[in-house]
Structures are given as C-alpha cells and as structure tokens.
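Source file: start-v2.cif (mmCIF, C-alpha atoms)
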```
data_model
#
loop_
_atom_site.group_PDB
_atom_site.id
_atom_site.type_symbol
_atom_site.label_atom_id
_atom_site.label_comp_id
_atom_site.auth_asym_id
_atom_site.auth_seq_id
_atom_site.Cartn_x
_atom_site.Cartn_y
_atom_site.Cartn_z
ATOM 1 C CA MET A 1 41.276 119.456 67.195
ATOM 2 C CA ALA A 2 44.936 119.697 66.225
ATOM 3 C CA HIS A 3 46.215 122.956 64.840
ATOM 4 C CA ILE A 4 49.586 124.467 63.987
ATOM 5 C CA PRO A 5 50.556 127.203 66.493
ATOM 6 C CA LEU A 6 50.724 130.666 64.969
ATOM 7 C CA ALA A 7 54.365 131.078 66.067
ATOM 8 C CA ALA A 8 55.350 128.066 63.954
ATOM 9 C CA THR A 9 53.994 129.535 60.747
ATOM 10 C CA ARG A 10 54.674 133.252 61.130
ATOM 11 C CA SER A 11 58.179 134.529 60.523
ATOM 12 C CA VAL A 12 59.020 138.181 59.992
ATOM 13 C CA THR A 13 62.669 137.249 59.380
ATOM 14 C CA GLY A 14 61.813 134.737 56.670
ATOM 15 C CA ILE A 15 63.478 132.012 58.723
ATOM 16 C CA PRO A 16 61.378 129.059 59.939
ATOM 17 C CA ALA A 17 60.537 129.502 63.630
ATOM 18 C CA GLY A 18 62.315 126.336 64.754
ATOM 19 C CA ARG A 19 65.561 127.243 63.027
ATOM 20 C CA LEU A 20 65.381 130.832 64.235
ATOM 21 C CA ALA A 21 64.940 129.598 67.810
ATOM 22 C CA MET A 22 67.937 127.298 67.412
ATOM 23 C CA TRP A 23 70.132 130.189 66.256
ATOM 24 C CA TRP A 24 69.073 132.213 69.318
ATOM 25 C CA VAL A 25 69.919 129.269 71.556
ATOM 26 C CA LEU A 26 73.340 129.106 69.953
ATOM 27 C CA ALA A 27 73.791 132.869 70.380
ATOM 28 C CA SER A 28 73.328 132.383 74.137
ATOM 29 C CA GLU A 29 75.703 129.420 74.044
ATOM 30 C CA ILE A 30 78.351 131.597 72.405
ATOM 31 C CA VAL A 31 78.196 133.906 75.424
ATOM 32 C CA ILE A 32 78.597 130.961 77.834
ATOM 33 C CA PHE A 33 81.518 129.277 76.076
ATOM 34 C CA GLY A 34 82.942 132.554 74.742
ATOM 35 C CA GLY A 35 83.110 134.005 78.253
ATOM 36 C CA LEU A 36 84.913 130.942 79.537
ATOM 37 C CA LEU A 37 87.365 130.800 76.660
ATOM 38 C CA ALA A 38 88.035 134.560 76.716
ATOM 39 C CA SER A 39 88.800 134.355 80.446
ATOM 40 C CA TYR A 40 91.097 131.391 79.859
ATOM 41 C CA VAL A 41 92.994 133.125 77.046
ATOM 42 C CA MET A 42 93.402 136.278 79.156
ATOM 43 C CA LEU A 43 94.949 134.367 82.055
ATOM 44 C CA ARG A 44 96.892 131.928 79.869
ATOM 45 C CA LEU A 45 98.717 134.821 78.180
ATOM 46 C CA GLN A 46 99.733 136.059 81.642
ATOM 47 C CA HIS A 47 100.893 132.634 82.793
ATOM 48 C CA PRO A 48 103.224 130.888 80.338
ATOM 49 C CA GLU A 49 103.983 128.365 83.092
ATOM 50 C CA TRP A 50 100.526 126.865 82.504
ATOM 51 C CA GLY A 51 102.158 125.219 79.491
ATOM 52 C CA ASP A 52 103.831 122.807 81.954
ATOM 53 C CA GLU A 53 100.414 121.823 83.303
ATOM 54 C CA ALA A 54 98.946 121.493 79.793
ATOM 55 C CA ALA A 55 101.794 119.066 79.020
ATOM 56 C CA HIS A 56 99.894 116.509 81.122
ATOM 57 C CA THR A 57 96.840 116.507 78.835
ATOM 58 C CA SER A 58 96.802 113.769 76.192
ATOM 59 C CA THR A 59 97.224 115.212 72.691
ATOM 60 C CA VAL A 60 96.473 111.800 71.179
ATOM 61 C CA ALA A 61 93.138 111.545 73.019
ATOM 62 C CA GLY A 62 92.256 115.162 72.145
ATOM 63 C CA ALA A 63 93.131 114.652 68.472
ATOM 64 C CA PHE A 64 91.168 111.385 68.307
ATOM 65 C CA ASN A 65 88.149 113.083 69.855
ATOM 66 C CA THR A 66 88.432 115.921 67.320
ATOM 67 C CA PHE A 67 88.373 113.297 64.559
ATOM 68 C CA VAL A 68 85.334 111.637 66.174
ATOM 69 C CA LEU A 69 83.385 114.899 66.466
ATOM 70 C CA LEU A 70 84.216 116.014 62.912
ATOM 71 C CA THR A 71 83.060 112.621 61.632
ATOM 72 C CA SER A 72 79.870 112.729 63.710
ATOM 73 C CA SER A 73 79.190 116.190 62.255
ATOM 74 C CA LEU A 74 79.488 114.651 58.781
ATOM 75 C CA PHE A 75 76.873 112.032 59.761
ATOM 76 C CA ALA A 76 74.591 114.754 61.143
ATOM 77 C CA VAL A 77 74.692 116.786 57.936
ATOM 78 C CA LEU A 78 74.193 113.660 55.787
ATOM 79 C CA GLY A 79 71.142 112.955 57.952
ATOM 80 C CA HIS A 80 69.909 116.457 57.218
ATOM 81 C CA ARG A 81 70.314 115.876 53.494
ATOM 82 C CA ALA A 82 68.418 112.586 53.737
ATOM 83 C CA ALA A 83 65.619 114.355 55.631
ATOM 84 C CA GLU A 84 65.382 117.020 52.944
ATOM 85 C CA HIS A 85 64.978 114.235 50.404
ATOM 86 C CA GLY A 86 62.131 112.828 52.501
ATOM 87 C CA ASP A 87 64.050 109.681 53.462
ATOM 88 C CA GLY A 88 63.207 109.496 57.172
ATOM 89 C CA PRO A 89 64.659 106.015 57.900
ATOM 90 C CA ARG A 90 67.980 106.972 56.271
ATOM 91 C CA ALA A 91 68.056 110.254 58.218
ATOM 92 C CA ALA A 92 67.390 108.294 61.422
ATOM 93 C CA ARG A 93 70.280 105.919 60.654
ATOM 94 C CA PHE A 94 72.667 108.861 60.232
ATOM 95 C CA LEU A 95 71.396 110.415 63.463
ATOM 96 C CA TRP A 96 72.059 107.194 65.375
ATOM 97 C CA MET A 97 75.574 107.103 63.888
ATOM 98 C CA THR A 98 76.035 110.647 65.165
ATOM 99 C CA VAL A 99 74.848 109.537 68.609
ATOM 100 C CA GLY A 100 77.424 106.732 68.383
ATOM 101 C CA GLY A 101 80.119 109.327 67.687
ATOM 102 C CA GLY A 102 79.029 111.240 70.763
ATOM 103 C CA ALA A 103 79.223 108.045 72.842
ATOM 104 C CA VAL A 104 82.767 107.330 71.633
ATOM 105 C CA PHE A 105 83.728 110.928 72.438
ATOM 106 C CA MET A 106 82.389 110.628 75.992
ATOM 107 C CA LEU A 107 84.068 107.250 76.466
ATOM 108 C CA VAL A 108 87.466 108.694 75.516
ATOM 109 C CA LYS A 109 86.815 111.675 77.791
ATOM 110 C CA ALA A 110 85.960 109.325 80.659
ATOM 111 C CA PHE A 111 89.284 107.510 80.200
ATOM 112 C CA GLU A 112 91.094 110.849 80.094
ATOM 113 C CA TYR A 113 89.397 112.104 83.260
ATOM 114 C CA THR A 114 90.157 108.841 85.062
ATOM 115 C CA SER A 115 93.823 108.991 84.103
ATOM 116 C CA GLU A 116 94.174 112.669 85.033
ATOM 117 C CA ILE A 117 92.369 112.416 88.355
ATOM 118 C CA THR A 118 94.270 109.306 89.443
ATOM 119 C CA HIS A 119 97.505 111.218 88.729
ATOM 120 C CA GLY A 120 96.345 114.035 91.010
ATOM 121 C CA TYR A 121 95.234 116.507 88.331
ATOM 122 C CA THR A 122 91.906 117.433 89.871
ATOM 123 C CA LEU A 123 89.534 120.390 89.566
ATOM 124 C CA PHE A 124 91.124 122.344 92.433
ATOM 125 C CA ARG A 125 94.773 121.499 91.801
ATOM 126 C CA SER A 126 95.410 124.776 89.959
ATOM 127 C CA VAL A 127 93.635 127.431 87.907
ATOM 128 C CA PHE A 128 94.617 125.627 84.683
ATOM 129 C CA TRP A 129 92.993 122.368 85.783
ATOM 130 C CA GLY A 130 89.996 124.336 87.040
ATOM 131 C CA PHE A 131 89.528 125.745 83.549
ATOM 132 C CA TYR A 132 90.249 122.350 81.964
ATOM 133 C CA PHE A 133 87.576 120.484 83.907
ATOM 134 C CA THR A 134 85.052 123.346 83.720
ATOM 135 C CA THR A 135 85.283 123.849 79.963
ATOM 136 C CA THR A 136 85.568 120.187 78.956
ATOM 137 C CA GLY A 137 82.916 119.197 81.530
ATOM 138 C CA LEU A 138 80.457 121.808 80.289
ATOM 139 C CA HIS A 139 81.211 120.759 76.726
ATOM 140 C CA GLY A 140 80.661 117.111 77.684
ATOM 141 C CA LEU A 141 77.255 117.993 79.137
ATOM 142 C CA HIS A 142 76.363 119.594 75.811
ATOM 143 C CA VAL A 143 77.472 116.446 73.981
ATOM 144 C CA VAL A 144 75.224 114.285 76.198
ATOM 145 C CA ALA A 145 72.300 116.713 75.753
ATOM 146 C CA GLY A 146 72.834 116.597 71.978
ATOM 147 C CA MET A 147 72.871 112.779 72.020
ATOM 148 C CA VAL A 148 69.563 112.642 73.910
ATOM 149 C CA ALA A 149 67.912 115.221 71.622
ATOM 150 C CA MET A 150 69.245 113.452 68.539
ATOM 151 C CA GLY A 151 67.920 110.100 69.740
ATOM 152 C CA LEU A 152 64.453 111.580 70.268
ATOM 153 C CA VAL A 153 64.497 113.201 66.818
ATOM 154 C CA ALA A 154 65.742 109.932 65.250
ATOM 155 C CA VAL A 155 62.759 108.009 66.659
ATOM 156 C CA GLY A 156 60.373 110.412 64.930
ATOM 157 C CA ALA A 157 62.440 110.613 61.751
ATOM 158 C CA ARG A 158 62.372 106.826 61.366
ATOM 159 C CA ARG A 159 58.593 107.090 61.053
ATOM 160 C CA GLY A 160 58.931 110.052 58.694
ATOM 161 C CA GLN A 161 57.606 112.483 61.295
ATOM 162 C CA ARG A 162 58.824 116.069 61.826
ATOM 163 C CA LEU A 163 61.811 115.715 59.541
ATOM 164 C CA HIS A 164 62.655 119.427 59.855
ATOM 165 C CA ARG A 165 63.933 118.656 63.367
ATOM 166 C CA VAL A 166 66.802 116.685 61.845
ATOM 167 C CA GLU A 167 68.312 119.944 60.622
ATOM 168 C CA LEU A 168 67.725 121.746 63.928
ATOM 169 C CA VAL A 169 69.413 119.121 66.069
ATOM 170 C CA GLY A 170 72.202 118.976 63.472
ATOM 171 C CA ILE A 171 72.889 122.709 63.761
ATOM 172 C CA TYR A 172 73.199 122.280 67.533
ATOM 173 C CA TRP A 173 75.589 119.344 67.076
ATOM 174 C CA HIS A 174 77.815 121.299 64.684
ATOM 175 C CA PHE A 175 78.030 124.095 67.251
ATOM 176 C CA VAL A 176 79.227 121.587 69.873
ATOM 177 C CA ASP A 177 81.810 120.504 67.299
ATOM 178 C CA VAL A 178 82.924 124.126 66.744
ATOM 179 C CA VAL A 179 83.408 124.629 70.509
ATOM 180 C CA TRP A 180 85.636 121.551 70.635
ATOM 181 C CA ILE A 181 87.625 122.811 67.633
ATOM 182 C CA PHE A 182 88.695 125.747 69.851
ATOM 183 C CA LEU A 183 89.103 123.751 73.082
ATOM 184 C CA PHE A 184 91.494 121.294 71.424
ATOM 185 C CA PRO A 185 94.332 123.742 70.604
ATOM 186 C CA LEU A 186 93.812 125.776 73.790
ATOM 187 C CA LEU A 187 93.987 122.844 76.207
ATOM 188 C CA TYR A 188 95.905 120.146 74.304
ATOM 189 C CA LEU A 189 98.230 121.794 71.777
ATOM 190 C CA ALA A 190 99.489 124.989 73.475
ATOM 191 C CA LYS A 191 102.100 123.452 75.792
ATOM 192 C CA MET B 1 79.274 119.720 43.162
ATOM 193 C CA THR B 2 75.880 120.193 44.724
ATOM 194 C CA ASP B 3 72.484 118.580 44.802
ATOM 195 C CA THR B 4 69.225 120.097 45.861
ATOM 196 C CA GLY B 5 66.757 118.803 48.432
ATOM 197 C CA HIS B 6 63.142 118.302 47.423
ATOM 198 C CA SER B 7 61.609 120.201 50.320
ATOM 199 C CA ALA B 8 60.368 116.956 51.826
ATOM 200 C CA MET B 9 60.406 118.456 55.304
ATOM 201 C CA ALA B 10 56.936 119.204 56.516
ATOM 202 C CA GLY B 11 55.350 122.593 57.159
ATOM 203 C CA PRO B 12 56.940 126.012 57.102
ATOM 204 C CA GLU B 13 60.465 124.626 57.490
ATOM 205 C CA ALA B 14 60.470 123.301 53.964
ATOM 206 C CA VAL B 15 63.004 125.179 51.881
ATOM 207 C CA ALA B 16 65.034 123.564 49.100
ATOM 208 C CA ARG B 17 68.696 124.461 49.448
ATOM 209 C CA PRO B 18 71.812 123.281 47.635
ATOM 210 C CA HIS B 19 74.056 120.720 49.349
ATOM 211 C CA PRO B 20 77.835 120.812 48.857
ATOM 212 C CA ASN B 21 79.966 117.669 48.740
ATOM 213 C CA TYR B 22 80.029 117.043 52.487
ATOM 214 C CA VAL B 23 82.519 114.188 52.328
ATOM 215 C CA MET B 24 85.006 116.488 50.557
ATOM 216 C CA VAL B 25 84.507 119.136 53.275
ATOM 217 C CA TRP B 26 85.129 116.441 55.917
ATOM 218 C CA VAL B 27 88.332 115.297 54.172
ATOM 219 C CA ILE B 28 89.622 118.894 54.114
ATOM 220 C CA LEU B 29 88.750 119.269 57.816
ATOM 221 C CA LEU B 30 90.723 116.109 58.625
ATOM 222 C CA GLY B 31 93.671 117.457 56.594
ATOM 223 C CA LEU B 32 93.560 120.663 58.641
ATOM 224 C CA LEU B 33 93.394 118.589 61.835
ATOM 225 C CA VAL B 34 96.631 116.838 60.849
ATOM 226 C CA VAL B 35 98.278 120.225 60.168
ATOM 227 C CA SER B 36 97.154 121.527 63.568
ATOM 228 C CA ILE B 37 98.698 118.514 65.311
ATOM 229 C CA LEU B 38 102.006 118.473 63.409
ATOM 230 C CA GLY B 39 102.650 122.252 63.547
ATOM 231 C CA PRO B 40 103.064 122.607 67.327
ATOM 232 C CA MET B 41 105.464 119.613 67.329
ATOM 233 C CA MET B 42 108.086 121.882 65.722
ATOM 234 C CA GLY B 43 108.227 123.889 68.949
ATOM 235 C CA ILE B 44 108.332 127.260 67.171
ATOM 236 C CA PHE B 45 105.965 129.825 68.716
ATOM 237 C CA TRP B 46 104.732 131.412 65.490
ATOM 238 C CA VAL B 47 104.292 128.067 63.755
ATOM 239 C CA THR B 48 102.222 126.851 66.729
ATOM 240 C CA LEU B 49 100.152 130.032 66.686
ATOM 241 C CA ILE B 50 99.335 129.663 62.992
ATOM 242 C CA THR B 51 98.924 125.906 62.728
ATOM 243 C CA ALA B 52 96.974 125.443 65.971
ATOM 244 C CA PHE B 53 94.905 128.595 66.245
ATOM 245 C CA VAL B 54 94.569 130.045 62.749
ATOM 246 C CA VAL B 55 93.784 126.553 61.460
ATOM 247 C CA ALA B 56 91.199 126.187 64.275
ATOM 248 C CA VAL B 57 89.488 129.366 63.069
ATOM 249 C CA ILE B 58 89.490 128.049 59.476
ATOM 250 C CA LYS B 59 88.050 124.700 60.614
ATOM 251 C CA ALA B 60 85.320 126.430 62.656
ATOM 252 C CA LEU B 61 84.420 128.678 59.705
ATOM 253 C CA MET B 62 84.211 125.663 57.389
ATOM 254 C CA VAL B 63 81.915 123.772 59.781
ATOM 255 C CA ALA B 64 79.758 126.886 60.223
ATOM 256 C CA ALA B 65 79.595 127.619 56.487
ATOM 257 C CA TYR B 66 79.086 124.137 55.021
ATOM 258 C CA PHE B 67 77.657 121.953 57.827
ATOM 259 C CA MET B 68 75.573 124.628 59.564
ATOM 260 C CA HIS B 69 74.826 126.218 56.172
ATOM 261 C CA LEU B 70 75.681 129.730 57.317
ATOM 262 C CA ASN B 71 76.941 130.448 53.807
ATOM 263 C CA ILE B 72 73.360 130.268 52.520
ATOM 264 C CA GLU B 73 71.557 131.297 55.705
ATOM 265 C CA ARG B 74 69.598 134.553 55.898
ATOM 266 C CA THR B 75 71.577 137.711 56.677
ATOM 267 C CA TYR B 76 69.595 138.089 59.907
ATOM 268 C CA VAL B 77 71.417 135.096 61.432
ATOM 269 C CA LYS B 78 74.805 136.392 60.342
ATOM 270 C CA TYR B 79 74.083 139.760 61.995
ATOM 271 C CA LEU B 80 72.880 137.961 65.128
ATOM 272 C CA LEU B 81 76.053 135.892 65.456
ATOM 273 C CA PHE B 82 78.291 138.837 64.544
ATOM 274 C CA THR B 83 76.647 140.962 67.258
ATOM 275 C CA ILE B 84 77.163 138.258 69.876
ATOM 276 C CA LEU B 85 80.804 137.797 68.870
ATOM 277 C CA LEU B 86 81.254 141.571 69.052
ATOM 278 C CA LEU B 87 79.863 141.487 72.603
ATOM 279 C CA MET B 88 82.466 138.865 73.454
ATOM 280 C CA LEU B 89 85.160 141.168 72.086
ATOM 281 C CA VAL B 90 83.809 144.002 74.263
ATOM 282 C CA LEU B 91 83.919 141.682 77.278
ATOM 283 C CA PHE B 92 87.519 140.763 76.513
ATOM 284 C CA ALA B 93 88.590 144.377 75.837
ATOM 285 C CA GLY B 94 86.833 145.614 78.975
ATOM 286 C CA VAL B 95 88.375 143.080 81.352
ATOM 287 C CA ALA B 96 91.755 142.384 79.727
ATOM 288 C CA PRO B 97 93.441 145.670 80.755
ATOM 289 C CA ASP B 98 92.657 144.908 84.396
ATOM 290 C CA VAL B 99 93.941 141.350 84.131
ATOM 291 C CA MET B 100 96.854 141.746 81.737
ATOM 292 C CA LYS B 101 98.239 145.249 82.294
ATOM 293 C CA ARG B 102 99.490 146.579 85.585
ATOM 294 C CA ALA B 103 100.388 150.155 84.777
ATOM 295 C CA GLY B 104 99.604 153.226 86.903
ATOM 296 C CA LYS B 105 99.854 153.802 90.651
ATOM 297 C CA ASN B 106 96.479 153.005 92.202
ATOM 298 C CA TRP B 107 96.210 149.249 92.124
ATOM 299 C CA GLU B 108 97.091 146.182 94.100
ATOM 300 C CA HIS B 109 96.936 142.530 93.157
ATOM 301 C CA VAL B 110 96.179 139.847 95.708
ATOM 302 C CA SER B 111 97.314 136.384 94.593
ATOM 303 C CA PRO B 112 94.353 133.987 94.738
ATOM 304 C CA THR B 113 96.653 131.120 95.690
ATOM 305 C CA SER B 114 99.276 132.513 98.094
ATOM 306 C CA GLY B 115 97.477 135.659 99.251
ATOM 307 C CA ALA B 116 100.607 137.699 98.491
ATOM 308 C CA VAL B 117 99.880 141.362 97.764
ATOM 309 C CA GLU B 118 101.597 143.016 94.817
ATOM 310 C CA ARG B 119 101.656 146.836 94.458
ATOM 311 C CA PRO B 120 103.171 149.197 91.864
ATOM 312 C CA ARG B 121 106.757 150.254 92.406
ATOM 313 C CA HIS B 122 106.996 154.018 92.948
#
```
Whole structure given in structure tokens:
Amino acid sequence: MAHIPLAATRSVTGIPAGRLAMWWVLASEIVIFGGLLASYVMLRLQHPEWGDEAAHTSTVAGAFNTFVLLTSSLFAVLGHRAAEHGDGPRAARFLWMTVGGGAVFMLVKAFEYTSEITHGYTLFRSVFWGFYFTTTGLHGLHVVAGMVAMGLVAVGARRGQRLHRVELVGIYWHFVDVVWIFLFPLLYLAK
Amino acid sequence: MTDTGHSAMAGPEAVARPHPNYVMVWVILLGLLVVSILGPMMGIFWVTLITAFVVAVIKALMVAAYFMHLNIERTYVKYLLFTILLLMLVLFAGVAPDVMKRAGKNWEHVSPTSGAVERPRH
C-alpha cells in the first residue's frame, strides 16, 4: 500500500520538505565552492603575476559559456512556471532545453581544456592552473550532475508526474549558474 | 508584470507564487554580462574591479532573487544562506592574515615551488 512519508508532509519551517532539503544541499555547496574561491582570492591578491597566466584563458569562450548558462537558467525557470501551471509536457520541453544548454557549456569547456592542455597549461604547471582546473572541473561535474538530474525529472514531468521536482532541480541549476558568474571574472577577466 | 501559478504541483509542495517577467530579467543579465566584458578592456584597475566583480555580485543576486525566488522565499532560507556566507567570511578572516600579512618576528615561509625559506628581517 503506497503512502506519503511523514517527512514529506511535515514541515516546521513552513517550507516543503523537498525544497528545504535542496536549500541545505546548496548551503553545503556554498562551503565547497566558497572555500575554493576564498583560497584563490587570498593567493591571487598576493600574486599579481598570476595575471600573466590568466591571460592564456579564453575570454571569448568564458563569456559565451556565461551567456549559455544564463540562457539555460531562463529555460529552467520557464519550466518551473509551466510546472506550476500544471503543464508537464511544456515543463519537460524547457528542462530538455536546459540540458541542451548544459551540453553546449561542456562542449565549449572541452574545447578550452584541449587547447590549454596541448599548449602545456596543465593541472600541475602552476598554482594558478591548479586552481583553474580544480574549480572549473568541479563546476563541470556539477553541470553534468544537473543535466542527469534534469533529464530524470523531465521524463516524469512529461507524464505530469511529480511536477514539484521541476522547481527543485531548477534551484540547483541556478546555483551552478551563480558559481559560474563568480568563476568567470576571477579566472577569465582579471588579467 | 507578474502572473501567478495555479498550484498544479502535487502534494505539500503546492504553493502559488507570483512570477516576474523572466525574459526581462534575462535581458538585464545579458546587459550586465556585456558591461563585465567591456569594463576590464579599459585596463583601469578600479573600472575592472567594479565592472567585473561588483557586476558579478549584482548578477548573482538577480539570479538568486528572481530565478531561485529568494525574494519571496521564507526567511528561514535567507538566514540559512546568510549564516553559511558568514562562515565563509570567518574562514577568510581567520586564514588571510597568515597568508597575506607577514608582520612580526616569529614566522618563516617556505616556498611550495622552490623550497626557498623566507624569514622576517630583524
């Protein structure tokens, strides 16, 4: 006999359990990315010469990827709106468009990595490149994880099932977008 | 300009909330992206600082407020995120003096790359 778990219906905070859990996940993510970025900023301020290394990152590719992520975030939130209106198939379409944005982002990143590595800018070349590959690599993993989760949610949404998950996966995706908004100036613009 | 959802989402998650004009928010974000790219091209430190980093903060706040709906989210979530960000500030403030300031007499710095040892001048 199917039943709704107690944890899914009880909420002292007044926030639905799924959304509350997502915010706690993001709080832990802030510590992960925040720690990395804080460490980078600390060292970057001590080493202005890192600007010469940052000059080898592609501003065009970084800017294009920022555009792609901002646009995919728009699709994600439009999917959320469609889900709130009970239009599961439309929400699913927007989610798949968001997944497409993530794929384009990763494709551009793959080209960037290939170009940088073939020019000798590898993980262990210097502390700057260590930070570059660690932060963008970890961010890329989050993009891939978001794409997989979004695909799974889209399959259900298309059938009109569990539409509240559209919002949850969207919140996660926007967070990934916010992280990139900070990575872009730190790694691509400050030269 | 807003519209309101009809709480079509199943179960306890169903809460009708207003939706802003998301396309307009996206257009503004793209405008800010252009500013953040053009600013650093001038090569002036303060212009770079404002256009790249202050604009990044504004963009992040806009995404958080309008796409993540933090502007209408419960206060609990705002306190949660504020507390975590405060912890990050504590981390930075606790470690930064050791990394960025080399005052006093009882320290030495070993370069991670060359192994050279640096000590205070007495």
Inset, instruction - Excluding region 30-32 of chain B and any residue of its chain fewer than 3 positions from it, enumerate the residues within 12 Å of it, using all atoms listed in the file, and give them as a ChimeraX atom specification. - result: /A:63-71,74,181 /B:23-27,35-39,50-60,62-63
Inset, instruction - Would you translate the PyMOL selection byres ((chain A) within 6 of (chain B)) into the concrete set of residues it matches in this file, as a list in words? - result: Thr9, Pro16, Val77, Glu84, His85, Gly86, Leu163, His164, Ile171, Val178, Ile181 and Pro185 of chain A
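Using only C-alpha atoms, the smallest distance between any of A:Met106, A:Leu26, A:Ala154, A:Leu37 and Thr135 (chain A) comes from A:Leu37.
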Legend entry - Exercise: Ala92 (chain A) partners within 12 Å, only C-alpha atoms, chain neighbours under 6 positions left out, as a PyMOL selection string: chain A and resi 75-83+86+98-99+150-163+165-167+169-170
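Remark: for Ile117 (chain A), the closest of the candidate residues A:Gln46, A:Trp129, A:Val148, A:Ser73 is A:Trp129 (distances computed over all atoms listed in the file).
Each of A:Leu168, A:Val143, A:Ala190, A:Ala54 was compared to Leu20 (chain A) using only C-alpha atoms, and A:Leu168 turns out to be the nearest.
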Inset, instruction - For CA of Asn71 (chain B) and CA of His174 (chain A), quote the distance in Å rounded to one decimal. - result: 14.2 Å
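CA of Phe105 (chain A) sits 22.5 Å away from CA of Lys191 (chain A).
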If you take every atom of region 40-51 of chain A that the file lists and fit an axis-aligned box around them with 8 Å extra on each side, what centre and edge lengths come out in Å to one decimal, as JSON?
```
{"center_x": 97.5, "center_y": 130.7, "center_z": 80.1, "size_x": 28.9, "size_y": 27.1, "size_z": 22.0}
```
Inset, instruction - State, in Å with one decimal place, the distance from CA of Trp180 (chain A) to CA of His142 (chain A). - result: 10.8 Å
